[in-house]
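*Asks:* Encoded as structure tokens, here's the structure I'll be asking about.
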Amino acid sequence: MKTSEKVKVPAQAYEFAIEGAPEILLADGGEGPPRFSILAKSPDPVLGHWWWGNLAIDLDGIKGKTKIPTLLDHDVTQRIGVSDERAVEKRGLVMSGFFLQNSELAQKIRSESKDGFPWEASVRLFPTKIEVLREGAEAEVNGVKVKGPGHIFRRSELREVSFTALGADSNTSAAALSDTSPELGVEFSHTATAEENMAKKNDDAAGAGANGTLQLDEDAIRTQAVATERARVAEIQKAGVPEQAQLVQELIVGGAEASAAQLRLADDLRNRFRQQAEHMRLGDKPLSGGNTGGFGGDPRATKLAEIHAMEDGNDKWAQLWEHDQKLRQEFLRKDDFLALKQVEAADWNPTRIPRLLDQHGRPLAARPYDVALAASAPSTPVTIAGIRAGYAMSLQAALGLSWARQIASSFDSSSPSETYPWLRAAPNPRKWEGERTAQELVSDVVTIVNDDYESTIEFRIPDLRRDKTGQIMGRAADLATRIAFFPEHLVTSLLTTNGNAYDGVAFFATSHAVGSSGTINNAIVAGDGLAGAAAPTTAQQSANILLLMSRMMGFLDDQAQPLNEAARQFVIMTPANMFGATAAAISAMFTSASATNPLGELARYGFSFLPVLNARLTTTNVMYMFRVDAGIKSLLLQEEGVNPVELGPDSEHAKKTNRALFGHGWAGGVGYGRFELAIRGTTS
């Protein structure tokens, strides 16, 4: 009996590693790109799969496109190459292809393979026809007899092949059973009904073979999945130290296996120790107080120098770091001291303050141990200078995460107001006949007035020496975060107010026109094709983003030439309710409709989309797209600088009130730039 059903299966249940060490061969590729060959799937059945039980995959029934993506760990954002040939041989499914020549990740994988790293392989298969075997039933797959209970993928579609460090996940997780699991239409094949199977038990003498349906115990699977997920999370949390709280969270949310997470955390800890050792070698003095002695004279006068002089110092360093709170505080003071010097050298101007980046060049989040800096022993009380240094460190980190400075052109300002003239489009090339024909460039002008803002905290003088929990330092760090993200507040107001752009029309409007541009509509609504209202699906949001991008790239300049044809980098801003669907639409390999996500495909051609959650937006059905790789962006941000002010224990204010003040001021403004580089979408 054949039935066609819609089944919802965890995404990880479609990933299959081969048994044992896979065969991965490399070739130089002659004049073309370097090639690889992978024994991607053996003909042997998979026994005890966490979702399918015993499973056999009919290799002759595997279909798919000629060119299949080759990824790292089934992550669509980590592209290694393209598989362009495959064949079913006696030893299994063999896939070959080429590495991407311009991918650093691909070259790294190839280099590590040559060095002997034992990469494994895993494929992602979507079944379209499944044969279910009851216990005792037999069938033939790949020339081998298999015995139930279990499943057989008679027909399946090959979506991608991956290099993996640890093979496919042998266990499920609670995350794999979420509503993001793809729902597929699958044809199930049953050769006998339940009544006929019962008749077989009563007619054993007749020897009639029968197959039936195998019922999956979904409740048991979910229970096991939850237990497995909890164990995974507990193992990762146990492996990290408090200073690694953010990395631990990223590994948990990212679905990393416990063993891989432990290796990642250990490597991160080693890097931390190495950096601290380098700080000590350079002889940076602590900001205030200290553990023992000073840095002058005998190098063994301090515990830092003692550790540095140890043989095999890194391992012993790790042990001391875990058990010595003062040692950790000393290094945190060093980091903040260096940050203070950097920020002071930049005159506290956000446009010049260096951004903190990790080893991959990405902005660092605010440190989870900022507050620990202030948790001092009685011999090293919190000082105003220490507060100021911690404030500088938090300001550096928060500026690196600011999205306002990504969608707005940022300028240094030193006047009450600034005027920004810019020229319209350059002329299109013409056939050269006779003398050159000069065309005068038309200019537009925008003026932005600077406004002054301030915020201040006050605390009692005795609290400077009594604060053992970092409350004062924590509030100062909050001040830094507030001032770093204050432009977000101004920019959001600019977007929602929707004042006039340089052409005298509302910034988001359906009737812009500049020179010979024709009508430019950067206020798209549901009638233009947007869908999903306040709760779009992944498929709807992927289509919405694609529509907005297509409209923007179709805008013409004042000389009727394409204005955004070189656009490749975009920011997608949404309110909180639409962010989940937006992030999934950008990063998922497949949409909620089980179709290939076109946004993921665009990434291979250099397009990138950064999702931004703007919690300040109150309208639940409006999203924004900004082009961020143009010379002048859609909005303008000017800043005079951040000016921290403190009235410490020696100030007249403190002598009169027994209280100290710490605050700051910010001067600047925002304005509308080029409406042609921004577009608003209303989904209902």
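Naming works like this for the structure tokens: A, B, ... for the chains as they're shown, residue 1 at the start of each chain, ligands 1 onward in shown order.
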What are the closest atom pairs, with distances in Å to one decimal, for all residues of region 652-680 of chain A lying within 12 Å of region 464-468 of chain A? Consider only C-alpha atoms, order rows by chain and residue number, and present the result as a Markdown table.

*Replies:*
```
| residue | atom | partner | partner_atom | distance |
| --- | --- | --- | --- | --- |
| A:Asn658 | CA | A:Leu464 | CA | 11.3 |
| A:Arg659 | CA | A:Leu464 | CA | 10.0 |
| A:Ala660 | CA | A:Leu464 | CA | 9.1 |
| A:Leu661 | CA | A:Leu464 | CA | 11.5 |
```

*Asks:* Please dump the current selection as a PDB file, in the first residue's frame; keep N, CA and C atoms.

*Replies:*
```pdb
ATOM      1  N   ASN A 658      29.944  65.104  50.661  1.00  0.00           N
ATOM      2  CA  ASN A 658      30.439  63.736  50.876  1.00  0.00           C
ATOM      3  C   ASN A 658      29.990  62.805  49.745  1.00  0.00           C
ATOM      4  N   ARG A 659      29.798  63.359  48.588  1.00  0.00           N
ATOM      5  CA  ARG A 659      29.378  62.588  47.423  1.00  0.00           C
ATOM      6  C   ARG A 659      30.261  62.938  46.221  1.00  0.00           C
ATOM      7  N   ALA A 660      30.436  61.945  45.359  1.00  0.00           N
ATOM      8  CA  ALA A 660      31.198  62.132  44.123  1.00  0.00           C
ATOM      9  C   ALA A 660      30.258  62.035  42.931  1.00  0.00           C
ATOM     10  N   LEU A 661      30.650  62.664  41.828  1.00  0.00           N
ATOM     11  CA  LEU A 661      29.869  62.636  40.592  1.00  0.00           C
ATOM     12  C   LEU A 661      30.710  62.051  39.466  1.00  0.00           C
TER      13      LEU A 661
END
```

*Asks:* Hey, what's within 12 Å of Glu639 (chain A) if we count only C-alpha atoms and toss same-chain stuff fewer than 2 positions away? As a VMD selection string, please?

*Replies:* chain A and resid 347 to 353 405 408 to 418 448 to 453 483 to 484 486 to 487 636 to 637 641 to 643 665 to 671

*Asks:* Using only C-alpha atoms, which residues sit within 12 Å of Ser542 (chain A) once same-chain residues fewer than 5 positions away are excluded, as number ranges by chain?

*Replies:* A: 530-532, 536-537, 547-549, 572, 578, 580-593, 595-602, 609

*Asks:* State, in Å with one decimal place, the distance from CA of His74 (chain A) to CA of Ser162 (chain A).

*Replies:*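 Atom-to-atom, CA of His74 (chain A) and CA of Ser162 (chain A) are spaced 5.6 Å apart.
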
*Asks:* Just give me the gap between CA of Val141 (chain A) and CA of Asp58 (chain A) in Å, one decimal is fine.

*Replies:*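 Between these atoms lies a distance of 5.7 Å.
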
*Asks:* Please return as a ChimeraX atom specification: the residues of region 445-648 of chain A that backbone DSSP assigns to strand (DSSP E or B).

*Replies:* /A:445-449,451-460,500,506,512,520,523-524,556,562,569-574,590,596,608-613,622-627,635-647

*Asks:* I need the residues in region 395-427 of chain A that are helix (DSSP H, G or I) according to DSSP; give them as a VMD selection string.

*Replies:* chain A and resid 395 to 399 404 to 407

*Asks:* Okay, now the selection with N, CA and C atoms, as a compact mmCIF listing (two decimals), in the first residue's frame?

*Replies:*
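Result file follows (out.txt):
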```txt
# COMPACT_ATOMS: atom_id res chain seq x y z
N LEU A 395 33.08 51.86 26.53
CA LEU A 395 32.74 52.73 25.40
C LEU A 395 33.33 52.16 24.11
N GLN A 396 34.59 51.72 24.17
CA GLN A 396 35.23 51.12 22.99
C GLN A 396 34.41 49.93 22.49
N ALA A 397 34.07 49.03 23.42
CA ALA A 397 33.36 47.81 23.03
C ALA A 397 31.99 48.12 22.46
N ALA A 398 31.24 49.05 23.10
CA ALA A 398 29.88 49.36 22.65
C ALA A 398 29.90 50.04 21.28
N LEU A 399 30.90 50.90 21.03
CA LEU A 399 30.98 51.57 19.73
C LEU A 399 31.16 50.55 18.61
N ALA A 404 23.98 52.22 14.20
CA ALA A 404 23.71 53.54 13.62
C ALA A 404 24.87 53.99 12.75
N ARG A 405 26.08 53.65 13.18
CA ARG A 405 27.26 54.06 12.44
C ARG A 405 27.51 53.18 11.22
N GLN A 406 26.70 52.14 11.04
CA GLN A 406 26.78 51.32 9.84
C GLN A 406 25.86 51.84 8.74
N ILE A 407 24.71 52.38 9.14
CA ILE A 407 23.76 52.85 8.12
C ILE A 407 23.88 54.34 7.87
```

*Asks:* Which residues, written as a PDB file with N, CA and C atoms, in the first residue's frame, have at least one atom at most 7 Å from region 89-105 of chain A, with only C-alpha atoms counted and residues fewer than 2 positions away on the same chain left out?

*Replies:*
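See result-v2.pdb below for the written result:
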```pdb
ATOM      1  N   PRO A  33      41.008  24.932 -10.741  1.00  0.00           N
ATOM      2  CA  PRO A  33      41.102  24.979  -9.277  1.00  0.00           C
ATOM      3  C   PRO A  33      41.409  23.604  -8.707  1.00  0.00           C
ATOM      4  N   PRO A  34      42.010  23.530  -7.499  1.00  0.00           N
ATOM      5  CA  PRO A  34      42.293  22.241  -6.853  1.00  0.00           C
ATOM      6  C   PRO A  34      41.005  21.449  -6.657  1.00  0.00           C
ATOM      7  N   ARG A  35      41.100  20.119  -6.808  1.00  0.00           N
ATOM      8  CA  ARG A  35      39.918  19.280  -6.733  1.00  0.00           C
ATOM      9  C   ARG A  35      40.011  18.331  -5.544  1.00  0.00           C
ATOM     10  N   PHE A  36      38.863  17.740  -5.219  1.00  0.00           N
ATOM     11  CA  PHE A  36      38.780  16.764  -4.142  1.00  0.00           C
ATOM     12  C   PHE A  36      37.879  15.616  -4.581  1.00  0.00           C
ATOM     13  N   SER A  37      38.027  14.492  -3.930  1.00  0.00           N
ATOM     14  CA  SER A  37      37.160  13.337  -4.158  1.00  0.00           C
ATOM     15  C   SER A  37      36.792  12.766  -2.799  1.00  0.00           C
ATOM     16  N   ILE A  38      35.489  12.533  -2.573  1.00  0.00           N
ATOM     17  CA  ILE A  38      35.010  12.076  -1.270  1.00  0.00           C
ATOM     18  C   ILE A  38      34.165  10.825  -1.450  1.00  0.00           C
ATOM     19  N   LEU A  39      34.489   9.790  -0.676  1.00  0.00           N
ATOM     20  CA  LEU A  39      33.577   8.656  -0.553  1.00  0.00           C
ATOM     21  C   LEU A  39      32.512   9.097   0.429  1.00  0.00           C
ATOM     22  N   ALA A  40      31.404   9.662  -0.115  1.00  0.00           N
ATOM     23  CA  ALA A  40      30.466  10.398   0.716  1.00  0.00           C
ATOM     24  C   ALA A  40      29.483   9.513   1.461  1.00  0.00           C
ATOM     25  N   LYS A  41      29.149   8.320   0.928  1.00  0.00           N
ATOM     26  CA  LYS A  41      28.190   7.442   1.612  1.00  0.00           C
ATOM     27  C   LYS A  41      28.468   6.009   1.213  1.00  0.00           C
ATOM     28  N   SER A  42      28.702   5.153   2.187  1.00  0.00           N
ATOM     29  CA  SER A  42      28.934   3.741   1.907  1.00  0.00           C
ATOM     30  C   SER A  42      27.605   3.047   1.629  1.00  0.00           C
ATOM     31  N   PRO A  43      27.622   1.857   1.002  1.00  0.00           N
ATOM     32  CA  PRO A  43      26.370   1.145   0.735  1.00  0.00           C
ATOM     33  C   PRO A  43      25.801   0.475   1.980  1.00  0.00           C
ATOM     34  N   LEU A  59      21.383   3.799  -2.899  1.00  0.00           N
ATOM     35  CA  LEU A  59      22.268   4.748  -3.576  1.00  0.00           C
ATOM     36  C   LEU A  59      21.818   5.031  -4.999  1.00  0.00           C
ATOM     37  N   ILE A  80      32.974  25.800   0.968  1.00  0.00           N
ATOM     38  CA  ILE A  80      34.311  25.300   0.671  1.00  0.00           C
ATOM     39  C   ILE A  80      34.502  25.103  -0.828  1.00  0.00           C
ATOM     40  N   GLY A  81      33.473  24.555  -1.490  1.00  0.00           N
ATOM     41  CA  GLY A  81      33.633  24.266  -2.905  1.00  0.00           C
ATOM     42  C   GLY A  81      32.334  23.820  -3.536  1.00  0.00           C
ATOM     43  N   VAL A  82      32.446  23.168  -4.686  1.00  0.00           N
ATOM     44  CA  VAL A  82      31.285  22.693  -5.448  1.00  0.00           C
ATOM     45  C   VAL A  82      31.572  21.271  -5.896  1.00  0.00           C
ATOM     46  N   SER A  83      30.628  20.357  -5.634  1.00  0.00           N
ATOM     47  CA  SER A  83      30.722  18.999  -6.143  1.00  0.00           C
ATOM     48  C   SER A  83      30.012  18.953  -7.492  1.00  0.00           C
ATOM     49  N   ASP A  84      30.766  18.634  -8.556  1.00  0.00           N
ATOM     50  CA  ASP A  84      30.186  18.658  -9.893  1.00  0.00           C
ATOM     51  C   ASP A  84      30.153  17.276 -10.561  1.00  0.00           C
ATOM     52  N   GLU A  85      30.611  16.251  -9.867  1.00  0.00           N
ATOM     53  CA  GLU A  85      30.563  14.893 -10.403  1.00  0.00           C
ATOM     54  C   GLU A  85      30.219  13.920  -9.274  1.00  0.00           C
ATOM     55  N   ARG A  86      29.410  12.902  -9.584  1.00  0.00           N
ATOM     56  CA  ARG A  86      29.138  11.863  -8.595  1.00  0.00           C
ATOM     57  C   ARG A  86      28.823  10.569  -9.326  1.00  0.00           C
ATOM     58  N   ALA A  87      29.137   9.478  -8.668  1.00  0.00           N
ATOM     59  CA  ALA A  87      28.906   8.164  -9.260  1.00  0.00           C
ATOM     60  C   ALA A  87      28.661   7.159  -8.145  1.00  0.00           C
ATOM     61  N   GLN A 107      40.926  26.992   1.358  1.00  0.00           N
ATOM     62  CA  GLN A 107      42.370  26.743   1.311  1.00  0.00           C
ATOM     63  C   GLN A 107      42.872  26.186   2.643  1.00  0.00           C
ATOM     64  N   LYS A 108      42.252  26.617   3.732  1.00  0.00           N
ATOM     65  CA  LYS A 108      42.643  26.107   5.040  1.00  0.00           C
ATOM     66  C   LYS A 108      42.274  24.628   5.162  1.00  0.00           C
ATOM     67  N   ILE A 109      41.070  24.253   4.732  1.00  0.00           N
ATOM     68  CA  ILE A 109      40.641  22.854   4.784  1.00  0.00           C
ATOM     69  C   ILE A 109      41.580  21.994   3.947  1.00  0.00           C
TER      70      ILE A 109
END
```

*Asks:* Neighbouring residues of Ala533 (chain A) were defined as those with any atom within 6 Å, considering only C-alpha atoms; residues of the same chain fewer than 4 positions away were excluded. Please report them as a ChimeraX atom specification.

*Replies:* /A:621,683-684

*Asks:* For the selection you just gave me, I'd like the residues written to a file as a tab-separated table (two decimals), in the first residue's frame, keeping N, CA and C atoms.

*Replies:*
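Once written, selection.tsv looks like this:
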```tsv
chain	number	residue	atom	x	y	z
A	621	ASN	N	4.77	46.06	11.74
A	621	ASN	CA	4.69	45.56	10.37
A	621	ASN	C	5.56	46.36	9.40
A	683	THR	N	4.46	45.52	5.55
A	683	THR	CA	4.01	44.18	5.14
A	683	THR	C	2.51	43.98	5.24
A	684	SER	N	1.77	44.95	5.72
A	684	SER	CA	0.30	44.81	5.76
A	684	SER	C	-0.34	46.19	5.74
```

*Asks:* Leaving out Trp51 (chain A) and any residue of its chain fewer than 2 positions from it, which residues lie within 7 Å of it when counting only C-alpha atoms, given as a list in words?

*Replies:* Ala13, His49 and Gly53 of chain A

*Asks:* Any idea what the distance is between CA of Gly150 (chain A) and CA of Asn54 (chain A)?

*Replies:*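 Separation between CA of Gly150 (chain A) and CA of Asn54 (chain A): 4.5 Å.
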
*Asks:* Residues near Leu251 (chain A), anyone? I mean within 10 Å using only C-alpha atoms, not counting same-chain ones fewer than 3 positions away, as a list in words.

*Replies:*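 In the requested format, the answer is Val233, Ile236, Gln237, Gln246, Leu247, Val248, Gly254, Gly255, Ala256, Glu257, Ala258, Ala260, Ala261, Gln262, Arg264 and Leu265 of chain A.
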